[in-house]
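Asks: Here you go, this is query-v7.cif (mmCIF, C-alpha atoms).
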data_target
loop_
_atom_site.label_atom_id
_atom_site.label_comp_id
_atom_site.auth_asym_id
_atom_site.auth_seq_id
_atom_site.Cartn_x
_atom_site.Cartn_y
_atom_site.Cartn_z
CA THR M 9 5.34 -35.79 4.55
CA SER M 10 4.67 -32.53 2.77
CA ALA M 11 8.41 -32.16 2.10
CA ARG M 12 8.53 -35.58 0.43
CA THR M 13 5.45 -34.73 -1.62
CA ALA M 14 7.09 -31.45 -2.68
CA TYR M 15 10.23 -33.38 -3.61
CA ASP M 16 8.26 -35.68 -5.90
CA LEU M 17 6.10 -32.95 -7.46
CA GLY M 18 9.08 -30.72 -8.17
CA ARG M 19 11.00 -33.50 -9.87
CA HIS M 20 8.29 -35.10 -11.97
CA LEU M 21 6.04 -32.31 -13.26
CA PRO M 22 6.80 -29.65 -15.86
CA ARG M 23 7.90 -26.34 -14.32
CA GLY M 24 4.57 -24.47 -14.43
CA LYS M 25 2.48 -27.39 -13.22
CA ALA M 26 5.02 -28.25 -10.54
CA LEU M 27 5.00 -24.70 -9.23
CA ALA M 28 1.19 -24.52 -9.17
CA ARG M 29 1.02 -27.78 -7.20
CA LEU M 30 3.85 -26.74 -4.87
CA ASP M 31 2.19 -23.38 -4.20
CA ALA M 32 -1.06 -25.18 -3.33
CA LEU M 33 0.78 -27.66 -1.13
CA ALA M 34 2.63 -24.86 0.69
CA ARG M 35 -0.68 -23.07 1.25
CA ALA M 36 -2.36 -26.21 2.64
CA THR M 37 0.52 -27.78 4.58
CA PRO M 38 3.61 -25.57 4.77
CA PHE M 39 6.99 -27.11 4.10
CA SER M 40 10.50 -25.71 3.99
CA ALA M 41 12.69 -25.74 0.92
CA GLU M 42 15.55 -26.82 3.18
CA ASP M 43 13.67 -29.99 4.14
CA VAL M 44 13.00 -30.75 0.48
CA LEU M 45 16.65 -30.17 -0.41
CA LEU M 46 17.70 -32.45 2.43
CA ILE M 47 15.62 -35.23 0.88
CA ALA M 48 17.24 -34.45 -2.48
CA LYS M 49 20.67 -34.68 -0.87
CA HIS M 50 19.87 -38.24 0.23
CA HIS M 51 18.82 -39.19 -3.32
CA LYS M 52 21.72 -37.76 -5.33
CA GLY M 53 21.19 -39.73 -8.52
CA ALA M 54 17.42 -39.24 -8.77
CA ARG M 55 15.90 -37.85 -11.95
CA GLY M 56 14.58 -34.32 -11.97
CA LEU M 57 16.76 -32.84 -9.22
CA LYS M 58 17.84 -29.96 -11.44
CA ARG M 59 14.17 -29.15 -12.15
CA LEU M 60 13.36 -29.38 -8.43
CA ARG M 61 16.20 -27.03 -7.46
CA ALA M 62 15.06 -24.52 -10.08
CA VAL M 63 11.41 -24.47 -8.98
CA LEU M 64 11.79 -24.46 -5.18
CA PRO M 65 12.87 -20.81 -4.86
CA LEU M 66 9.71 -19.78 -6.73
CA VAL M 67 7.26 -21.46 -4.34
CA ASP M 68 4.84 -19.00 -2.73
CA SER M 69 2.07 -20.10 -0.38
CA GLY M 70 0.22 -16.85 -1.12
CA ALA M 71 -0.92 -18.08 -4.51
CA ALA M 72 -4.61 -18.88 -4.13
CA SER M 73 -5.07 -20.67 -7.46
CA PRO M 74 -3.09 -22.29 -10.29
CA LYS M 75 -3.91 -19.28 -12.49
CA GLU M 76 -2.39 -16.93 -9.91
CA THR M 77 0.76 -19.06 -9.96
CA TRP M 78 0.76 -18.96 -13.77
CA LEU M 79 0.38 -15.17 -13.72
CA ARG M 80 3.16 -14.67 -11.17
CA LEU M 81 5.50 -16.95 -13.12
CA LEU M 82 4.66 -15.11 -16.34
CA LEU M 83 5.65 -11.78 -14.77
CA VAL M 84 8.86 -13.10 -13.21
CA ASP M 85 9.90 -14.81 -16.45
CA ALA M 86 9.34 -11.49 -18.26
CA GLY M 87 12.00 -9.88 -16.09
CA LEU M 88 9.68 -7.98 -13.78
CA PRO M 89 10.45 -7.91 -10.06
CA THR M 90 9.02 -10.78 -8.02
CA PRO M 91 5.66 -9.65 -6.68
CA THR M 92 4.48 -10.05 -3.12
CA THR M 93 1.31 -12.13 -2.79
CA GLN M 94 -1.86 -11.50 -0.78
CA ILE M 95 -1.16 -7.84 -0.03
CA PRO M 96 -3.54 -6.44 2.60
CA VAL M 97 -4.90 -3.00 1.74
CA CYS M 98 -6.40 -1.00 4.59
CA GLY M 99 -9.02 1.67 4.41
CA ARG M 100 -9.79 4.45 6.86
CA SER M 101 -10.67 1.95 9.56
CA TYR M 102 -7.12 0.53 9.39
CA ARG M 103 -8.64 -2.88 8.71
CA PRO M 104 -8.01 -4.58 5.37
CA PHE M 105 -10.81 -4.18 2.86
CA ALA M 106 -8.87 -6.09 0.19
CA TYR M 107 -6.16 -8.70 -0.19
CA LEU M 108 -4.55 -8.22 -3.59
CA ASP M 109 -3.45 -11.37 -5.45
CA MET M 110 0.02 -9.99 -6.06
CA GLY M 111 1.83 -6.72 -6.49
CA TRP M 112 4.49 -4.27 -5.48
CA GLU M 113 3.55 -2.18 -2.46
CA GLU M 114 6.35 0.34 -2.99
CA TYR M 115 4.89 1.21 -6.42
CA ARG M 116 1.24 0.69 -5.46
CA VAL M 117 0.78 -1.58 -8.46
CA SER M 118 -1.08 -4.87 -8.23
CA VAL M 119 -2.18 -7.63 -10.57
CA GLU M 120 -5.14 -9.91 -10.03
CA TYR M 121 -6.44 -12.88 -11.93
CA ASP M 122 -10.21 -12.83 -12.37
CA GLY M 123 -11.76 -16.23 -13.00
CA ASP M 124 -15.30 -16.85 -14.21
CA GLN M 125 -16.79 -16.48 -10.72
CA HIS M 126 -15.97 -12.75 -10.91
CA ARG M 127 -18.19 -12.45 -13.98
CA LYS M 128 -20.94 -14.99 -13.39
CA ASP M 129 -21.76 -14.17 -9.76
CA ARG M 130 -23.51 -10.78 -9.81
CA PRO M 131 -22.90 -9.93 -6.12
CA GLN M 132 -19.19 -10.77 -6.59
CA TYR M 133 -19.10 -8.65 -9.75
CA VAL M 134 -20.60 -5.65 -7.92
CA LYS M 135 -18.23 -6.13 -4.98
CA ASP M 136 -15.24 -6.29 -7.35
CA HIS M 137 -16.20 -3.03 -9.04
CA ARG M 138 -16.68 -1.19 -5.77
CA ARG M 139 -13.37 -2.57 -4.50
CA GLN M 140 -11.64 -1.48 -7.72
CA ARG M 141 -12.91 2.09 -7.30
CA LYS M 142 -11.74 2.12 -3.67
CA LEU M 143 -8.27 0.93 -4.69
CA GLU M 144 -8.02 3.60 -7.38
CA ALA M 145 -9.16 6.28 -4.91
CA ILE M 146 -6.27 5.50 -2.57
CA GLY M 147 -3.69 5.43 -5.36
CA TRP M 148 -3.36 1.81 -6.46
CA ILE M 149 -3.08 0.74 -10.07
CA ASN M 150 -4.87 -2.62 -10.01
CA ILE M 151 -4.47 -4.58 -13.23
CA ARG M 152 -7.00 -7.32 -13.71
CA ALA M 153 -6.15 -10.25 -15.97
CA ILE M 154 -8.61 -12.74 -17.43
CA ASN M 155 -8.15 -16.02 -19.27
CA GLU M 156 -8.69 -14.40 -22.67
CA ASP M 157 -5.89 -11.84 -22.21
CA SER M 158 -2.71 -12.46 -24.16
CA PRO M 159 0.36 -13.03 -22.01
CA THR M 160 2.30 -10.31 -23.87
CA GLY M 161 -0.57 -7.89 -23.31
CA VAL M 162 -0.64 -8.57 -19.58
CA ILE M 163 3.14 -8.17 -19.33
CA ALA M 164 2.98 -4.88 -21.25
CA ARG M 165 0.23 -3.49 -19.02
CA VAL M 166 2.10 -4.42 -15.85
CA ARG M 167 5.45 -3.12 -17.15
CA THR M 168 3.83 0.19 -18.15
CA ALA M 169 2.17 0.56 -14.74
CA LEU M 170 5.39 -0.19 -12.87
CA GLN M 171 7.39 2.21 -15.02
CA SER M 172 4.80 4.94 -14.51
CA ARG M 173 5.45 4.57 -10.78
CA GLY M 174 9.25 4.77 -11.04
CA TRP M 175 10.39 1.18 -11.56
CA ARG M 176 13.30 0.79 -13.96
CA PRO M 177 14.37 -2.54 -15.44
#
Would you write the structure of this file as structure tokens?
Replies:
Amino acid sequence: TSARTAYDLGRHLPRGKALARLDALARATPFSAEDVLLIAKHHKGARGLKRLRAVLPLVDSGAASPKETWLRLLLVDAGLPTPTTQIPVCGRSYRPFAYLDMGWEEYRVSVEYDGDQHRKDRPQYVKDHRRQRKLEAIGWINIRAINEDSPTGVIARVRTALQSRGWRP
């Protein structure tokens, strides 16, 4: 079952890898943390239960890639509030024109991970730039992170954006 798979992944993999796999599993075949914990309850002496219990509350089926999971975990570990994933943003037509990777709607701050496809695919690149301008026009601060960014730099940019919108640690 997906709950049994989650139980095994959460116990055996390092925290970041476990969370990325669990996010992907939850996105593909949803499972409940309660079902996973019930399995754990029936295997009291099993290795990795502490690790499993620590990672389960962090699972989010809204993560669309391992890098999005990594980015979300980076922000949470830095003491920032837990972001919401896949935030729909509507335009004048009241239909979503964007789904933001993660962010904080109350502050209108979002963070997105841009993989190589955003750079190599020209139509995607053009679409991303137009979308970015639209987001800025309606008041969003949309921070885009790439593989070459330093983790401390990303955290600083996000913290600054959140604080500029009224968030206090």
Asks: Report as an MDAnalysis selection string the full result of the PyMOL selection byres ((chain M and resi 56-72) around 6) when it is applied to this structure.
Replies: chainID M and resid 18:19 31 34:35 55 73 76:77 93:94
Asks: So how far away is atom CA of M:Ser10 from atom CA of M:Phe39, in Å?
Replies: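 Spanning atom CA of M:Phe39 to atom CA of M:Ser10 is a straight-line distance of 6.0 Å.
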Asks: Identify which of the residues M:Ala26, M:Leu46, M:Ala86, M:Cys98 lies closest to M:Ile146, counting only C-alpha atoms when measuring atom-to-atom distances.
Replies: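 With only C-alpha atoms as the atom set, the closest residue is M:Cys98.
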Asks: Quick one: of M:Leu170, M:Val84, M:Val44, M:Ile163, who's nearest to M:Glu113, counting all atoms listed in the file?
Replies: M:Leu170
Asks: Between M:Glu42, M:Asp157, M:Glu114, M:Asp85, which has the minimum distance to M:Gly24 (counting only C-alpha atoms)?
Replies: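 Of all the options, M:Asp85 lies closest to M:Gly24.
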Asks: Taking only C-alpha atoms into account, which of M:Gly111, M:Gly161, M:Gly99, M:Pro177 comes nearest M:Arg139?
Replies: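 Residue with the minimum atom-to-atom distance to M:Arg139: M:Gly99.
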Asks: Please compute the atom CA of M:Lys135-atom CA of M:Ala106 distance, one decimal, in Å.
Replies: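 Those two atoms sit 10.7 Å apart.
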Asks: Using Å and a single decimal, report how far atom CA of M:Arg80 sits from atom CA of M:Met110.
Replies: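 Straight-line distance from atom CA of M:Met110 to atom CA of M:Arg80 works out to 7.6 Å.
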Asks: Once the PyMOL selection byres ((chain M and resi 155) around 8) is applied to the coordinates I shared, what remains selected? I want it as a list in words.
Replies: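 Going through the file, the PyMOL selection byres ((chain M and resi 155) around 8) ends up selecting Asp122, Gly123, Ala153, Ile154, Glu156 and Asp157 of chain M.
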Asks: Skip M:Trp175 itself and residues of its chain fewer than 4 positions away, then list as a PyMOL selection string all residues within 10 Å of it, counting all atoms listed in the file.
Replies: chain M and resi 88-89+114-115+167-171
